[in-house]
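Participant: Have a look at this one before I ask anything.
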Amino acid sequence: THNQDTIYAAQIIELFINEKYRIPSKNIYVEKIEDSPFDYDQMADYFASFFKKNPDLRKNAVNYISLTTGTPAETTNIALRSMDLSVKYLYQPYGSKECKEIKLLSRLNRQKYASIIQELINNYEYGSALDIARESPYGSNFQLLTLLEVMRRRILFDFEGALKESKKIESTEKIIQGLVNDLSDLSKLNEKKILEELIYRVNLSFKKKDYLEGIALLFSLIDNFLQYQFKVATGKSIEKFEGEFKEFNQFIQEKSYIEDKKKYLNMPNRPNLREILSLINKNESPIGGIDEIDSFINRLERAEKIDGKEISIFDLRNHGPYAHGNMGVTEELLKKLYPPYGGDGIINDLKECLKAIFHRLTENPFNTINNLISAWLTQEC
């Protein structure tokens with residue numbers, strides 16, 4: 001409202017809402033504009049301050065803004081300043097008794113934010129996507145914000161937190177039900193499911209060319225896989241209790257074909273596990289996929305001469321910032337260490353050596369969820 005009006009339009013609207021919809025006057029707020037409503041710069045400052053002082057508007061499923069009343073300076077600035085909200089802009093055509101929605105402004109802004117969010121989820125940056133979505137017209141979309149929070153936690157291996165959040169999503173879509181089931185298994189530390197998750201995550205890291213993370217996850221996958229193979233083959237777990245790997249040590253002591261027992265006791269590291277699994281495969285029952293994984297690990301351990309130094313893929317992990325050094329990893333270096341395809345070759349060989357054990361691996365679930373998020377971004381509010 002402005003004091004040049006004979007009767008403040010906002011007060012007429014307040015009276016109408018109060019009488020027609022029985023909404024108490026205390027719940028209807030009338031903002032009085034003291035600045036000149038004809039000055040574009042003053043109105044720009046005024047509405048910038050207004051929306052800053054009213055952050056709860058972002059929580060509304062829809063904010064309705066009429067562009068029929070008010071001066072051009074007022075309507076232009078309120079339209080521009082409100083575009084980050086979930087808004088329906090209304091106007092009343094001349095001679096009409098009904099309002100019409102102006103969809104152009106809200107669509108343009110939603111498309112702008114959808115493009116930003118899409119780019120972030122394409123790189124699996126769910127935390128950043130969530131921050132942007134909260135400050136955008138999608139800020140009132142509970143389903144979308146919750147799903148982004150679920151995926152943010154999943155990326156951090158916070159499976160319990162992700163599962164808790166996922167149960168807040170009210171959807172009967174099979175993708176969501178599958179997500180909840182996967183997170184339930186992961187939160188229970190289902191060993192095979194954890195290995196599958198690591199396979200997916202290694203793939204994602206290499207896809208977005210984050211080779212430092214990808215190699216760190218690759219070796220976590222290999223170590224976990226060897227422990228998984230040992231447990232499946234022997235029924236014994238590799239868990240440390242009171243400073244000892246009791247079940248592992250018991251197995252070593254019991255097997256006559258393991259000669260140098262001191263070498264292995266309390267030392268279930270990668271080289272020892274590989275040797276023990278090879279002995280089990282030779283002296284007891286065959287272990288599926290052991291030759292393939294051995295060949296793949298050997299390839300990762302094979303050194304190439306780079307600038308006069310012998311370096312392997314293992315060295316990139318051991319001497320990189322995820323372990324004990326600061327060695328960097330580039331696509332060019334990977335192609336020299338794992339010729340001719342570098343990172344792509346590592347991923348292809350990884351999938352090939354594990355397909356006998358993980359033959360049910362489906363499309364990467366992160367991409368499946370990304371497709372769902374993309375569909376939600378295109379839906380009209």
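Starting from 1 in every chain, residues are counted up; chains themselves are A, B, ... following the order of the structure tokens, and ligands are numbered from 1 as listed.
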What are the closest atom pairs, with distances in Å to one decimal, for all residues of region 298-350 of chain A lying within 8 Å of region 212-227 of chain A? Consider only C-alpha atoms, order rows by chain and residue number, and present the result as a tab-separated table.

Facilitator:
residue	atom	partner	partner_atom	distance
A:Leu316	CA	A:Ile215	CA	7.7
A:Arg317	CA	A:Ala216	CA	6.0
A:Gly320	CA	A:Leu212	CA	7.5
A:Pro321	CA	A:Leu212	CA	7.9
A:Tyr322	CA	A:Ala216	CA	6.6
A:Gly328	CA	A:Leu212	CA	7.5
A:Val329	CA	A:Leu212	CA	6.2

Participant: May I have the selected residues written with all heavy atoms, as a short mmCIF file (atom, residue, chain, number, x, y, z; two decimals), in the first residue's frame?

Facilitator:
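Contents of again_25.cif, freshly written:
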data_model
loop_
_atom_site.label_atom_id
_atom_site.label_comp_id
_atom_site.auth_asym_id
_atom_site.auth_seq_id
_atom_site.Cartn_x
_atom_site.Cartn_y
_atom_site.Cartn_z
N LEU A 316 50.37 -45.19 -6.62
CA LEU A 316 49.55 -43.98 -6.65
C LEU A 316 48.70 -43.89 -5.40
O LEU A 316 48.48 -42.80 -4.86
CB LEU A 316 48.65 -43.97 -7.89
CG LEU A 316 49.34 -43.91 -9.24
CD1 LEU A 316 48.30 -43.82 -10.34
CD2 LEU A 316 50.30 -42.73 -9.31
N ARG A 317 48.23 -45.04 -4.95
CA ARG A 317 47.42 -45.05 -3.73
C ARG A 317 48.30 -44.89 -2.49
O ARG A 317 48.04 -44.07 -1.62
CB ARG A 317 46.62 -46.35 -3.65
CG ARG A 317 45.61 -46.39 -2.50
CD ARG A 317 46.21 -47.01 -1.27
NE ARG A 317 45.29 -46.99 -0.14
CZ ARG A 317 45.63 -47.33 1.08
NH1 ARG A 317 46.88 -47.71 1.35
NH2 ARG A 317 44.75 -47.30 2.06
N GLY A 320 49.91 -41.38 -2.34
CA GLY A 320 49.01 -40.26 -2.60
C GLY A 320 48.46 -39.66 -1.32
O GLY A 320 48.71 -40.17 -0.22
N PRO A 321 47.69 -38.57 -1.42
CA PRO A 321 47.16 -37.88 -0.23
C PRO A 321 46.15 -38.69 0.56
O PRO A 321 45.85 -38.35 1.70
CB PRO A 321 46.53 -36.60 -0.81
CG PRO A 321 46.32 -36.88 -2.25
CD PRO A 321 47.38 -37.83 -2.66
N TYR A 322 45.60 -39.77 -0.03
CA TYR A 322 44.69 -40.63 0.73
C TYR A 322 45.45 -41.63 1.59
O TYR A 322 44.85 -42.39 2.35
CB TYR A 322 43.74 -41.39 -0.21
CG TYR A 322 42.56 -40.57 -0.67
CD1 TYR A 322 42.65 -39.71 -1.74
CD2 TYR A 322 41.34 -40.64 0.00
CE1 TYR A 322 41.57 -38.95 -2.16
CE2 TYR A 322 40.25 -39.90 -0.40
CZ TYR A 322 40.37 -39.05 -1.49
OH TYR A 322 39.30 -38.30 -1.91
N GLY A 328 50.23 -36.89 -7.06
CA GLY A 328 49.00 -36.60 -7.78
C GLY A 328 48.68 -37.66 -8.81
O GLY A 328 49.52 -38.49 -9.16
N VAL A 329 47.42 -37.64 -9.29
CA VAL A 329 46.98 -38.62 -10.29
C VAL A 329 46.25 -37.87 -11.40
O VAL A 329 45.29 -37.16 -11.14
CB VAL A 329 46.03 -39.67 -9.68
CG1 VAL A 329 45.66 -40.70 -10.74
CG2 VAL A 329 46.65 -40.34 -8.47
#

Participant: Could you list, as a list in words, every residue within 10 Å of region 31-37 of chain A, counting only C-alpha atoms and ignoring same-chain residues fewer than 4 positions away?

Facilitator: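 So the residues in contact are Thr1, His2, Asn3, Gln4, Tyr8, Ala10, Gln11, Asp41, Gln42, Met43, Asp45, Tyr46, Phe47, Phe50, Gly70, Thr71, Pro72, Ala73, Glu74 and Thr75 of chain A.
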
Participant: Using only C-alpha atoms, which residue out of A:Arg58, A:Lys231, A:Arg110, A:Lys164 lies closest to Glu149 (chain A)?

Facilitator: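 So, comparing all the options, the nearest one is A:Lys164.
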
Participant: Leaving out Val180 (chain A) and any residue of its chain fewer than 6 positions from it, which residues lie within 12 Å of it when counting only C-alpha atoms, given as a list in words?

Facilitator: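 That gives Leu147, Val150, Met151, Arg154, Phe159, Glu160, Gly161, Ala162, Leu163, Lys164, Glu165, Ser166, Lys167, Lys168, Ile169, Glu170, Ser171, Thr172, Glu173, Lys174, Leu186, Ser187, Pro365 and Ile369 of chain A.
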
Participant: Convert the current residue selection to file output with N, CA and C atoms, as a PDB file, in the first residue's frame.

Facilitator:
ATOM      1  N   LEU A 147      15.101 -36.516  -1.197  1.00  0.00           N
ATOM      2  CA  LEU A 147      15.851 -37.472  -2.014  1.00  0.00           C
ATOM      3  C   LEU A 147      17.304 -37.013  -2.190  1.00  0.00           C
ATOM      4  N   VAL A 150      19.033 -37.876   0.959  1.00  0.00           N
ATOM      5  CA  VAL A 150      19.299 -39.318   0.995  1.00  0.00           C
ATOM      6  C   VAL A 150      20.581 -39.635   0.229  1.00  0.00           C
ATOM      7  N   MET A 151      20.692 -39.091  -0.969  1.00  0.00           N
ATOM      8  CA  MET A 151      21.852 -39.388  -1.804  1.00  0.00           C
ATOM      9  C   MET A 151      23.119 -38.721  -1.264  1.00  0.00           C
ATOM     10  N   ARG A 154      24.209 -41.092   1.306  1.00  0.00           N
ATOM     11  CA  ARG A 154      24.692 -42.345   0.712  1.00  0.00           C
ATOM     12  C   ARG A 154      26.114 -42.179   0.186  1.00  0.00           C
ATOM     13  N   PHE A 159      24.810 -44.914   5.624  1.00  0.00           N
ATOM     14  CA  PHE A 159      23.674 -45.693   5.149  1.00  0.00           C
ATOM     15  C   PHE A 159      22.491 -45.647   6.113  1.00  0.00           C
ATOM     16  N   GLU A 160      22.767 -45.626   7.403  1.00  0.00           N
ATOM     17  CA  GLU A 160      21.673 -45.542   8.378  1.00  0.00           C
ATOM     18  C   GLU A 160      20.944 -44.216   8.249  1.00  0.00           C
ATOM     19  N   GLY A 161      21.715 -43.131   8.130  1.00  0.00           N
ATOM     20  CA  GLY A 161      21.097 -41.816   7.964  1.00  0.00           C
ATOM     21  C   GLY A 161      20.317 -41.721   6.672  1.00  0.00           C
ATOM     22  N   ALA A 162      20.874 -42.285   5.607  1.00  0.00           N
ATOM     23  CA  ALA A 162      20.193 -42.266   4.306  1.00  0.00           C
ATOM     24  C   ALA A 162      18.896 -43.062   4.362  1.00  0.00           C
ATOM     25  N   LEU A 163      18.936 -44.220   5.034  1.00  0.00           N
ATOM     26  CA  LEU A 163      17.731 -45.043   5.161  1.00  0.00           C
ATOM     27  C   LEU A 163      16.642 -44.301   5.930  1.00  0.00           C
ATOM     28  N   LYS A 164      17.016 -43.651   7.019  1.00  0.00           N
ATOM     29  CA  LYS A 164      16.055 -42.902   7.827  1.00  0.00           C
ATOM     30  C   LYS A 164      15.384 -41.805   7.003  1.00  0.00           C
ATOM     31  N   GLU A 165      16.183 -41.088   6.220  1.00  0.00           N
ATOM     32  CA  GLU A 165      15.630 -40.019   5.381  1.00  0.00           C
ATOM     33  C   GLU A 165      14.755 -40.586   4.266  1.00  0.00           C
ATOM     34  N   SER A 166      15.161 -41.715   3.695  1.00  0.00           N
ATOM     35  CA  SER A 166      14.429 -42.287   2.560  1.00  0.00           C
ATOM     36  C   SER A 166      13.004 -42.688   2.937  1.00  0.00           C
ATOM     37  N   LYS A 167      12.820 -43.047   4.195  1.00  0.00           N
ATOM     38  CA  LYS A 167      11.483 -43.463   4.639  1.00  0.00           C
ATOM     39  C   LYS A 167      10.518 -42.291   4.756  1.00  0.00           C
ATOM     40  N   LYS A 168      11.038 -41.071   4.638  1.00  0.00           N
ATOM     41  CA  LYS A 168      10.171 -39.882   4.672  1.00  0.00           C
ATOM     42  C   LYS A 168       9.555 -39.586   3.303  1.00  0.00           C
ATOM     43  N   ILE A 169      10.084 -40.224   2.268  1.00  0.00           N
ATOM     44  CA  ILE A 169       9.594 -39.966   0.911  1.00  0.00           C
ATOM     45  C   ILE A 169       8.318 -40.765   0.686  1.00  0.00           C
ATOM     46  N   GLU A 170       7.234 -40.078   0.452  1.00  0.00           N
ATOM     47  CA  GLU A 170       5.945 -40.729   0.220  1.00  0.00           C
ATOM     48  C   GLU A 170       5.787 -40.967  -1.276  1.00  0.00           C
ATOM     49  N   SER A 171       6.262 -42.110  -1.710  1.00  0.00           N
ATOM     50  CA  SER A 171       6.182 -42.444  -3.132  1.00  0.00           C
ATOM     51  C   SER A 171       6.030 -43.944  -3.293  1.00  0.00           C
ATOM     52  N   THR A 172       5.219 -44.336  -4.250  1.00  0.00           N
ATOM     53  CA  THR A 172       5.030 -45.764  -4.544  1.00  0.00           C
ATOM     54  C   THR A 172       5.871 -46.191  -5.749  1.00  0.00           C
ATOM     55  N   GLU A 173       6.711 -45.283  -6.253  1.00  0.00           N
ATOM     56  CA  GLU A 173       7.542 -45.616  -7.409  1.00  0.00           C
ATOM     57  C   GLU A 173       8.509 -46.741  -7.059  1.00  0.00           C
ATOM     58  N   LYS A 174       8.674 -47.664  -7.983  1.00  0.00           N
ATOM     59  CA  LYS A 174       9.544 -48.813  -7.757  1.00  0.00           C
ATOM     60  C   LYS A 174      10.981 -48.392  -7.479  1.00  0.00           C
ATOM     61  N   LEU A 186      22.411 -52.164   3.073  1.00  0.00           N
ATOM     62  CA  LEU A 186      23.686 -51.490   3.324  1.00  0.00           C
ATOM     63  C   LEU A 186      23.836 -51.090   4.790  1.00  0.00           C
ATOM     64  N   SER A 187      22.734 -50.648   5.400  1.00  0.00           N
ATOM     65  CA  SER A 187      22.794 -50.235   6.808  1.00  0.00           C
ATOM     66  C   SER A 187      23.038 -51.429   7.731  1.00  0.00           C
ATOM     67  N   PRO A 365      22.941 -47.669  -9.598  1.00  0.00           N
ATOM     68  CA  PRO A 365      21.748 -47.103  -8.946  1.00  0.00           C
ATOM     69  C   PRO A 365      21.811 -45.587  -8.784  1.00  0.00           C
ATOM     70  N   ILE A 369      18.712 -43.091  -9.864  1.00  0.00           N
ATOM     71  CA  ILE A 369      18.150 -42.028  -9.026  1.00  0.00           C
ATOM     72  C   ILE A 369      18.289 -40.676  -9.721  1.00  0.00           C
TER      73      ILE A 369
END

Participant: Just list as a ChimeraX atom specification whatever in region 275-336 of chain A DSSP marks as strand (DSSP E).

Facilitator: /A:304-306,309-311

Participant: Excluding Ile65 (chain A) and its own-chain neighbours fewer than 5 positions away, which residues fall within 12 Å of it when counting only C-alpha atoms? Please give them as a list of chain:residue names.

Facilitator: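 Everything that qualifies: A:Leu57, A:Gly70, A:Glu74, A:Thr75, A:Thr76, A:Asn77, A:Ile78, A:Ala79, A:Leu80, A:Arg81, A:Ser82, A:Met83, A:Leu85, A:Ser86, A:Val87, A:Lys88, A:Tyr89, A:Leu90, A:Tyr91, A:Gln92, A:Cys99, A:Lys100, A:Glu101, A:Ile102, A:Lys103, A:Leu105, A:Ser106.
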
Participant: Counting only C-alpha atoms, which residue out of A:Glu363, A:Thr69, A:Asn63, A:Asn249 sits closest to Ala9 (chain A)?

Facilitator: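 Between A:Glu363, A:Thr69, A:Asn63, A:Asn249, the residue approaching Ala9 (chain A) most closely is A:Thr69.
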
Participant: Give me every alpha helix (DSSP H) residue in region 71-299 of chain A, going by DSSP on the backbone, as a PyMOL selection string.

Facilitator: chain A and resi 72-81+103-122+126-134+142-155+159-166+174-187+191-207+211-234+246-254+261-264+270-283+290-299

Participant: Which residues come within 7 Å of region 279-288 of chain A, counting only C-alpha atoms, excluding same-chain residues fewer than 3 positions away, as a list in words?

Facilitator: Ala233, Glu275 and Ile276 of chain A

Participant: Which neighbours of Phe296 (chain A) fall inside 9 Å, counting only C-alpha atoms, when residues of the same chain fewer than 5 positions from it are skipped, and could you give them as a list in words?

Facilitator: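 Residues near the query, excluding close chain neighbours: Asp291, Glu301, Ile346, Asp349, Leu350 and Cys353 of chain A.
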
Participant: CA of Leu265 (chain A) to CA of Ile252 (chain A): how many Å, to one decimal?

Facilitator: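 Calculated distance between CA of Leu265 (chain A) and CA of Ile252 (chain A) is 6.9 Å.
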